[in-house]
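Participant: Have a look at this one.
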Amino acid sequence: MRRGRGAVTNETGRFERVEREAFDDSWDIPEEVAPLRTEVTHERPKTIITRNASPDLGFDRSINPYRGCEHGCFYCFARPSHAYQGLSAGLDFETRLFAKPDAPALLEQELAARGYSPRTIAIGTNTDPYQPIEKRMEITRGILEVLARTRHPVGIVTKSGLVARDLDILGPMAEQGLVKVAISLTTLDPRLSRKMEPRAAAPGVRLETIRRLRAEGIPVSVLVAPVVPAINDHEIERLLDAAYEAGAREAGYVMLRLPHEVKALARDWLAEHFPQRAQHVMSLVQDMQGGKDYDSRWGVRQSGTGPIAWAIGRRFEIAANRLGFNAERVRLRTDLFCKPARSAPGQLALF
């Protein structure tokens, strides 16, 4: 284990031809665990808006300012994407990050394109836009400045209190019906949170962030995610109670998802932190995934199937209804969009 890191292994990426494997050399000498520092590489993509046609997602376009995430959540379903960089979904994912400093300029170009039609852009659907490196890089803030200037709707998902830094942008956008924020809340137990999400904000900070956003008139929802059976599922009702008291008025949940390398990472994490419970947890996961570690079918991958998944879903629904969650859904406006001016190519830009 490395202090402040979530994954306990760094298995070779699934596309690599050569695989590294740790082994016991039988010398009774404890190995020194080298510290891992966060490395950030600048990435220069040609476009910044990602499109999707998934029928079980509530958005068709998103922006991810960063690849990889320093929060280190062991369960992150985005981890396997690091294999496309020739890196591991394990410790590499949370220590070798890629930042997109040109994102605000690229966004402005894409919004100015002929035929662009505004719909809510989701930020934070893959990796957290307010992970620690955002504090100095401010790429997410730059994106919000473009969206605010063009009056374009945006939905943000984060588990960081850093989102409150941008209240000066988000507040005025909320007055125009252009923004909503979802705070991911996994547990109210700080010790469990530190194991599951070692560099994310503590539960109390997230609840206080909900209060601050609500005080500024920003619509806030809570995302109980992921629900891990026999680890945090007993907290569903308490999480909703705390979030509602803090000011959240919409709520959703996502069951634990284990695509590709996350399957092995989850098993390693459970063996390290909950060895007596590990086999039981995985048996419950498989019960909800049709006997497999993961069922990737649309409409199933986020909620699971079977009696256990049904019971968790009904508990969430009953608790949410009792509190009054989701009585009204905030719909963001698109009619205020003001397309930015297109920059003329070459010498025409002089006129």
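Lettering and numbering for the structure tokens are positional, with chains as A, B, ... in the shown order, residues counted from 1 in each chain, and ligands counted from 1 in the shown order.
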Using only C-alpha atoms, determine which residues lie at most 10 Å from range 237-251 of chain A, disregarding the query and same-chain residues fewer than 2 positions distant; provide the list as a PDB file with N, CA, C and O atoms, in the first residue's frame.

Facilitator:
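Written out: selection.pdb:
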ATOM      1  N   VAL A 181     -25.356  21.233 -10.517  1.00  0.00           N
ATOM      2  CA  VAL A 181     -24.178  20.521 -10.013  1.00  0.00           C
ATOM      3  C   VAL A 181     -24.631  19.278  -9.265  1.00  0.00           C
ATOM      4  O   VAL A 181     -25.556  19.331  -8.457  1.00  0.00           O
ATOM      5  N   ALA A 182     -23.963  18.160  -9.524  1.00  0.00           N
ATOM      6  CA  ALA A 182     -24.197  16.915  -8.797  1.00  0.00           C
ATOM      7  C   ALA A 182     -22.971  16.601  -7.953  1.00  0.00           C
ATOM      8  O   ALA A 182     -21.851  16.567  -8.477  1.00  0.00           O
ATOM      9  N   ILE A 183     -23.191  16.396  -6.670  1.00  0.00           N
ATOM     10  CA  ILE A 183     -22.107  16.033  -5.766  1.00  0.00           C
ATOM     11  C   ILE A 183     -22.180  14.533  -5.496  1.00  0.00           C
ATOM     12  O   ILE A 183     -23.205  14.018  -5.057  1.00  0.00           O
ATOM     13  N   SER A 184     -21.085  13.842  -5.765  1.00  0.00           N
ATOM     14  CA  SER A 184     -21.013  12.408  -5.517  1.00  0.00           C
ATOM     15  C   SER A 184     -20.724  12.167  -4.045  1.00  0.00           C
ATOM     16  O   SER A 184     -19.746  12.691  -3.496  1.00  0.00           O
ATOM     17  N   LEU A 185     -21.572  11.380  -3.398  1.00  0.00           N
ATOM     18  CA  LEU A 185     -21.449  11.110  -1.966  1.00  0.00           C
ATOM     19  C   LEU A 185     -21.498   9.598  -1.767  1.00  0.00           C
ATOM     20  O   LEU A 185     -22.517   8.964  -2.045  1.00  0.00           O
ATOM     21  N   THR A 186     -20.402   9.021  -1.291  1.00  0.00           N
ATOM     22  CA  THR A 186     -20.269   7.572  -1.214  1.00  0.00           C
ATOM     23  C   THR A 186     -20.505   7.024   0.188  1.00  0.00           C
ATOM     24  O   THR A 186     -21.056   5.941   0.362  1.00  0.00           O
ATOM     25  N   THR A 187     -20.082   7.765   1.180  1.00  0.00           N
ATOM     26  CA  THR A 187     -20.191   7.321   2.563  1.00  0.00           C
ATOM     27  C   THR A 187     -20.131   8.533   3.479  1.00  0.00           C
ATOM     28  O   THR A 187     -19.612   9.585   3.090  1.00  0.00           O
ATOM     29  N   LEU A 188     -20.650   8.389   4.694  1.00  0.00           N
ATOM     30  CA  LEU A 188     -20.518   9.432   5.714  1.00  0.00           C
ATOM     31  C   LEU A 188     -19.388   9.112   6.686  1.00  0.00           C
ATOM     32  O   LEU A 188     -19.104   9.902   7.586  1.00  0.00           O
ATOM     33  N   PRO A 203     -16.350  13.452   3.545  1.00  0.00           N
ATOM     34  CA  PRO A 203     -17.818  13.567   3.465  1.00  0.00           C
ATOM     35  C   PRO A 203     -18.362  14.884   3.995  1.00  0.00           C
ATOM     36  O   PRO A 203     -19.260  15.476   3.391  1.00  0.00           O
ATOM     37  N   GLY A 204     -17.823  15.367   5.107  1.00  0.00           N
ATOM     38  CA  GLY A 204     -18.300  16.626   5.663  1.00  0.00           C
ATOM     39  C   GLY A 204     -18.066  17.803   4.736  1.00  0.00           C
ATOM     40  O   GLY A 204     -18.887  18.724   4.651  1.00  0.00           O
ATOM     41  N   ARG A 206     -18.014  17.646   1.465  1.00  0.00           N
ATOM     42  CA  ARG A 206     -18.975  17.539   0.358  1.00  0.00           C
ATOM     43  C   ARG A 206     -20.350  18.058   0.774  1.00  0.00           C
ATOM     44  O   ARG A 206     -21.024  18.744   0.004  1.00  0.00           O
ATOM     45  N   LEU A 207     -20.754  17.734   1.995  1.00  0.00           N
ATOM     46  CA  LEU A 207     -22.050  18.237   2.477  1.00  0.00           C
ATOM     47  C   LEU A 207     -22.017  19.763   2.614  1.00  0.00           C
ATOM     48  O   LEU A 207     -22.984  20.445   2.275  1.00  0.00           O
ATOM     49  N   GLU A 208     -20.918  20.290   3.096  1.00  0.00           N
ATOM     50  CA  GLU A 208     -20.796  21.735   3.206  1.00  0.00           C
ATOM     51  C   GLU A 208     -20.784  22.389   1.822  1.00  0.00           C
ATOM     52  O   GLU A 208     -21.321  23.490   1.634  1.00  0.00           O
ATOM     53  N   THR A 209     -20.206  21.705   0.843  1.00  0.00           N
ATOM     54  CA  THR A 209     -20.213  22.212  -0.532  1.00  0.00           C
ATOM     55  C   THR A 209     -21.634  22.280  -1.070  1.00  0.00           C
ATOM     56  O   THR A 209     -22.017  23.253  -1.745  1.00  0.00           O
ATOM     57  N   ILE A 210     -22.449  21.273  -0.767  1.00  0.00           N
ATOM     58  CA  ILE A 210     -23.860  21.303  -1.173  1.00  0.00           C
ATOM     59  C   ILE A 210     -24.542  22.525  -0.565  1.00  0.00           C
ATOM     60  O   ILE A 210     -25.292  23.243  -1.245  1.00  0.00           O
ATOM     61  N   ARG A 211     -24.267  22.793   0.710  1.00  0.00           N
ATOM     62  CA  ARG A 211     -24.878  23.957   1.378  1.00  0.00           C
ATOM     63  C   ARG A 211     -24.464  25.259   0.698  1.00  0.00           C
ATOM     64  O   ARG A 211     -25.286  26.157   0.477  1.00  0.00           O
ATOM     65  N   ARG A 212     -23.187  25.383   0.367  1.00  0.00           N
ATOM     66  CA  ARG A 212     -22.693  26.618  -0.243  1.00  0.00           C
ATOM     67  C   ARG A 212     -23.290  26.826  -1.629  1.00  0.00           C
ATOM     68  O   ARG A 212     -23.665  27.947  -1.998  1.00  0.00           O
ATOM     69  N   LEU A 213     -23.363  25.755  -2.405  1.00  0.00           N
ATOM     70  CA  LEU A 213     -23.952  25.864  -3.738  1.00  0.00           C
ATOM     71  C   LEU A 213     -25.425  26.239  -3.641  1.00  0.00           C
ATOM     72  O   LEU A 213     -25.911  27.120  -4.359  1.00  0.00           O
ATOM     73  N   ARG A 214     -26.138  25.593  -2.734  1.00  0.00           N
ATOM     74  CA  ARG A 214     -27.568  25.870  -2.554  1.00  0.00           C
ATOM     75  C   ARG A 214     -27.785  27.309  -2.112  1.00  0.00           C
ATOM     76  O   ARG A 214     -28.731  27.968  -2.557  1.00  0.00           O
ATOM     77  N   ALA A 215     -26.911  27.817  -1.237  1.00  0.00           N
ATOM     78  CA  ALA A 215     -27.042  29.191  -0.752  1.00  0.00           C
ATOM     79  C   ALA A 215     -26.886  30.207  -1.875  1.00  0.00           C
ATOM     80  O   ALA A 215     -27.424  31.318  -1.797  1.00  0.00           O
ATOM     81  N   ILE A 218     -27.784  27.684  -6.702  1.00  0.00           N
ATOM     82  CA  ILE A 218     -27.397  26.710  -7.730  1.00  0.00           C
ATOM     83  C   ILE A 218     -28.113  25.389  -7.467  1.00  0.00           C
ATOM     84  O   ILE A 218     -28.018  24.835  -6.360  1.00  0.00           O
ATOM     85  N   PRO A 219     -28.845  24.855  -8.430  1.00  0.00           N
ATOM     86  CA  PRO A 219     -29.515  23.566  -8.233  1.00  0.00           C
ATOM     87  C   PRO A 219     -28.482  22.461  -7.976  1.00  0.00           C
ATOM     88  O   PRO A 219     -27.525  22.324  -8.735  1.00  0.00           O
ATOM     89  N   VAL A 220     -28.705  21.694  -6.905  1.00  0.00           N
ATOM     90  CA  VAL A 220     -27.751  20.664  -6.519  1.00  0.00           C
ATOM     91  C   VAL A 220     -28.457  19.319  -6.410  1.00  0.00           C
ATOM     92  O   VAL A 220     -29.545  19.218  -5.845  1.00  0.00           O
ATOM     93  N   SER A 221     -27.832  18.302  -6.955  1.00  0.00           N
ATOM     94  CA  SER A 221     -28.314  16.931  -6.780  1.00  0.00           C
ATOM     95  C   SER A 221     -27.220  16.121  -6.096  1.00  0.00           C
ATOM     96  O   SER A 221     -26.045  16.504  -6.086  1.00  0.00           O
ATOM     97  N   VAL A 222     -27.606  15.012  -5.496  1.00  0.00           N
ATOM     98  CA  VAL A 222     -26.642  14.117  -4.862  1.00  0.00           C
ATOM     99  C   VAL A 222     -26.628  12.811  -5.636  1.00  0.00           C
ATOM    100  O   VAL A 222     -27.665  12.307  -6.063  1.00  0.00           O
ATOM    101  N   LEU A 223     -25.431  12.280  -5.838  1.00  0.00           N
ATOM    102  CA  LEU A 223     -25.264  11.018  -6.553  1.00  0.00           C
ATOM    103  C   LEU A 223     -24.653  10.012  -5.586  1.00  0.00           C
ATOM    104  O   LEU A 223     -23.486  10.137  -5.208  1.00  0.00           O
ATOM    105  N   VAL A 224     -25.455   9.068  -5.124  1.00  0.00           N
ATOM    106  CA  VAL A 224     -24.952   8.013  -4.241  1.00  0.00           C
ATOM    107  C   VAL A 224     -24.279   6.979  -5.131  1.00  0.00           C
ATOM    108  O   VAL A 224     -24.925   6.122  -5.722  1.00  0.00           O
ATOM    109  N   ASN A 232     -20.985  -0.236   1.630  1.00  0.00           N
ATOM    110  CA  ASN A 232     -21.622   1.036   1.963  1.00  0.00           C
ATOM    111  C   ASN A 232     -23.128   1.056   1.693  1.00  0.00           C
ATOM    112  O   ASN A 232     -23.767   2.098   1.854  1.00  0.00           O
ATOM    113  N   ASP A 233     -23.710  -0.070   1.259  1.00  0.00           N
ATOM    114  CA  ASP A 233     -25.137  -0.055   0.935  1.00  0.00           C
ATOM    115  C   ASP A 233     -26.015   0.211   2.148  1.00  0.00           C
ATOM    116  O   ASP A 233     -27.132   0.703   2.017  1.00  0.00           O
ATOM    117  N   HIS A 234     -25.517  -0.083   3.351  1.00  0.00           N
ATOM    118  CA  HIS A 234     -26.304   0.175   4.558  1.00  0.00           C
ATOM    119  C   HIS A 234     -26.470   1.662   4.837  1.00  0.00           C
ATOM    120  O   HIS A 234     -27.296   2.050   5.666  1.00  0.00           O
ATOM    121  N   GLU A 235     -25.719   2.517   4.133  1.00  0.00           N
ATOM    122  CA  GLU A 235     -25.766   3.959   4.383  1.00  0.00           C
ATOM    123  C   GLU A 235     -26.716   4.712   3.463  1.00  0.00           C
ATOM    124  O   GLU A 235     -26.830   5.942   3.569  1.00  0.00           O
ATOM    125  N   TYR A 253     -28.546   7.129  -7.979  1.00  0.00           N
ATOM    126  CA  TYR A 253     -27.538   6.196  -7.483  1.00  0.00           C
ATOM    127  C   TYR A 253     -27.002   5.371  -8.643  1.00  0.00           C
ATOM    128  O   TYR A 253     -27.637   5.252  -9.690  1.00  0.00           O
ATOM    129  N   ARG A 315     -35.096   0.443  -1.869  1.00  0.00           N
ATOM    130  CA  ARG A 315     -34.711   1.202  -0.674  1.00  0.00           C
ATOM    131  C   ARG A 315     -34.382   2.638  -1.044  1.00  0.00           C
ATOM    132  O   ARG A 315     -34.818   3.576  -0.374  1.00  0.00           O
ATOM    133  N   PHE A 316     -33.616   2.790  -2.113  1.00  0.00           N
ATOM    134  CA  PHE A 316     -33.270   4.143  -2.552  1.00  0.00           C
ATOM    135  C   PHE A 316     -34.527   4.915  -2.938  1.00  0.00           C
ATOM    136  O   PHE A 316     -34.710   6.073  -2.533  1.00  0.00           O
ATOM    137  N   GLU A 317     -35.399   4.291  -3.694  1.00  0.00           N
ATOM    138  CA  GLU A 317     -36.620   4.955  -4.155  1.00  0.00           C
ATOM    139  C   GLU A 317     -37.513   5.365  -2.993  1.00  0.00           C
ATOM    140  O   GLU A 317     -38.028   6.494  -2.965  1.00  0.00           O
ATOM    141  N   ILE A 318     -37.699   4.477  -2.015  1.00  0.00           N
ATOM    142  CA  ILE A 318     -38.550   4.782  -0.860  1.00  0.00           C
ATOM    143  C   ILE A 318     -37.974   5.935  -0.046  1.00  0.00           C
ATOM    144  O   ILE A 318     -38.685   6.859   0.357  1.00  0.00           O
ATOM    145  N   ALA A 319     -36.656   5.882   0.206  1.00  0.00           N
ATOM    146  CA  ALA A 319     -36.019   6.939   0.984  1.00  0.00           C
ATOM    147  C   ALA A 319     -36.077   8.274   0.257  1.00  0.00           C
ATOM    148  O   ALA A 319     -36.346   9.322   0.868  1.00  0.00           O
ATOM    149  N   ALA A 320     -35.839   8.261  -1.049  1.00  0.00           N
ATOM    150  CA  ALA A 320     -35.878   9.502  -1.832  1.00  0.00           C
ATOM    151  C   ALA A 320     -37.283  10.091  -1.856  1.00  0.00           C
ATOM    152  O   ALA A 320     -37.465  11.310  -1.698  1.00  0.00           O
ATOM    153  N   ARG A 322     -39.647   9.610   0.375  1.00  0.00           N
ATOM    154  CA  ARG A 322     -40.003  10.073   1.726  1.00  0.00           C
ATOM    155  C   ARG A 322     -39.488  11.489   1.974  1.00  0.00           C
ATOM    156  O   ARG A 322     -40.174  12.314   2.591  1.00  0.00           O
ATOM    157  N   LEU A 323     -38.306  11.775   1.486  1.00  0.00           N
ATOM    158  CA  LEU A 323     -37.706  13.085   1.721  1.00  0.00           C
ATOM    159  C   LEU A 323     -38.204  14.148   0.744  1.00  0.00           C
ATOM    160  O   LEU A 323     -38.083  15.343   1.011  1.00  0.00           O
ATOM    161  N   GLY A 324     -38.736  13.729  -0.390  1.00  0.00           N
ATOM    162  CA  GLY A 324     -39.189  14.689  -1.386  1.00  0.00           C
ATOM    163  C   GLY A 324     -38.191  14.949  -2.491  1.00  0.00           C
ATOM    164  O   GLY A 324     -38.317  15.941  -3.235  1.00  0.00           O
ATOM    165  N   PHE A 325     -37.192  14.067  -2.636  1.00  0.00           N
ATOM    166  CA  PHE A 325     -36.251  14.201  -3.748  1.00  0.00           C
ATOM    167  C   PHE A 325     -36.971  14.012  -5.085  1.00  0.00           C
ATOM    168  O   PHE A 325     -37.956  13.273  -5.191  1.00  0.00           O
ATOM    169  N   ASN A 326     -36.452  14.682  -6.103  1.00  0.00           N
ATOM    170  CA  ASN A 326     -36.901  14.508  -7.493  1.00  0.00           C
ATOM    171  C   ASN A 326     -38.364  14.889  -7.714  1.00  0.00           C
ATOM    172  O   ASN A 326     -38.969  14.469  -8.708  1.00  0.00           O
ATOM    173  N   ALA A 327     -38.928  15.685  -6.788  1.00  0.00           N
ATOM    174  CA  ALA A 327     -40.302  16.153  -6.992  1.00  0.00           C
ATOM    175  C   ALA A 327     -40.376  17.018  -8.243  1.00  0.00           C
ATOM    176  O   ALA A 327     -41.373  17.004  -8.976  1.00  0.00           O
ATOM    177  N   GLU A 328     -39.303  17.760  -8.478  1.00  0.00           N
ATOM    178  CA  GLU A 328     -39.183  18.575  -9.694  1.00  0.00           C
ATOM    179  C   GLU A 328     -37.781  18.410 -10.242  1.00  0.00           C
ATOM    180  O   GLU A 328     -36.808  18.416  -9.500  1.00  0.00           O
ATOM    181  N   ARG A 329     -37.684  18.266 -11.544  1.00  0.00           N
ATOM    182  CA  ARG A 329     -36.393  18.153 -12.208  1.00  0.00           C
ATOM    183  C   ARG A 329     -36.039  19.483 -12.851  1.00  0.00           C
ATOM    184  O   ARG A 329     -36.855  20.058 -13.585  1.00  0.00           O
ATOM    185  N   VAL A 330     -34.852  19.964 -12.564  1.00  0.00           N
ATOM    186  CA  VAL A 330     -34.409  21.233 -13.147  1.00  0.00           C
ATOM    187  C   VAL A 330     -33.998  20.994 -14.597  1.00  0.00           C
ATOM    188  O   VAL A 330     -33.146  20.151 -14.877  1.00  0.00           O
TER     189      VAL A 330
END

Participant: So which residues of range 20-135 of chain A fall under helix (DSSP H, G or I) by DSSP, listed as a PyMOL selection string?

Facilitator: chain A and resi 79-85+91-95+103-111+134-135

Participant: Got a sec: who's within 9 Å of Ala341 in chain A, counting only C-alpha atoms, leaving out chain neighbours fewer than 2 positions off, as a PyMOL selection string?

Facilitator: chain A and resi 108-109+112+339+343

Participant: If I take CA of Arg267 in chain A and CA of Gly90 in chain A, how far is one from the other in Å, to one decimal?

Facilitator: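 Separation of CA of Arg267 in chain A and CA of Gly90 in chain A: 12.2 Å.
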
Participant: Rounded to one decimal in Å, what is the spacing between CA of Ala99 in chain A and CA of Ser117 in chain A?

Facilitator: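 Computing it gives 26.8 Å between the two atoms.
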
Participant: Calculated over only C-alpha atoms, which of the candidates A:Leu87, A:Cys76, A:Val179, A:Met173 has the smallest distance to Leu256 in chain A?

Facilitator: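 Checking each of A:Leu87, A:Cys76, A:Val179, A:Met173 against Leu256 in chain A, counting only C-alpha atoms, the winner is A:Cys76.
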
Participant: Considering only C-alpha atoms, can you say which of A:Lys100, A:Arg119, A:Arg67, A:Arg37 comes closest to Gly142 in chain A?

Facilitator: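 Closest candidate: A:Lys100.
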
Participant: Quick check, in Å to one decimal: how far apart do CA of Thr41 in chain A and CA of Arg149 in chain A lie?

Facilitator: 28.4 Å

Participant: Extract, using only C-alpha atoms, all DNA, RNA and protein residues at most 10 Å from range 291-300 of chain A, discarding same-chain residues fewer than 6 positions from it, and format them as a compact mmCIF listing (two decimals) with C-alpha atoms, in the first residue's frame.

Facilitator:
# COMPACT_ATOMS: atom_id res chain seq x y z
CA SER A 54 -25.72 5.75 -25.16
CA PRO A 55 -29.45 5.37 -24.46
CA ASP A 56 -28.95 5.07 -20.67
CA LEU A 57 -27.11 8.40 -20.29
CA MET A 255 -24.30 0.37 -8.60
CA LEU A 256 -20.65 -0.67 -8.53
CA ARG A 257 -19.37 -1.17 -12.09
CA LEU A 258 -16.33 -3.36 -12.81
CA PRO A 259 -15.39 -3.10 -16.50
CA HIS A 260 -12.13 -4.55 -17.84
CA VAL A 262 -11.40 -2.73 -12.60
CA LYS A 263 -12.48 -6.31 -11.83
CA ALA A 264 -8.99 -7.29 -10.67
CA MET A 282 -17.86 -10.31 -4.96
CA SER A 283 -20.56 -12.97 -4.70
CA LEU A 284 -23.15 -10.23 -4.15
CA VAL A 285 -21.76 -8.26 -7.11
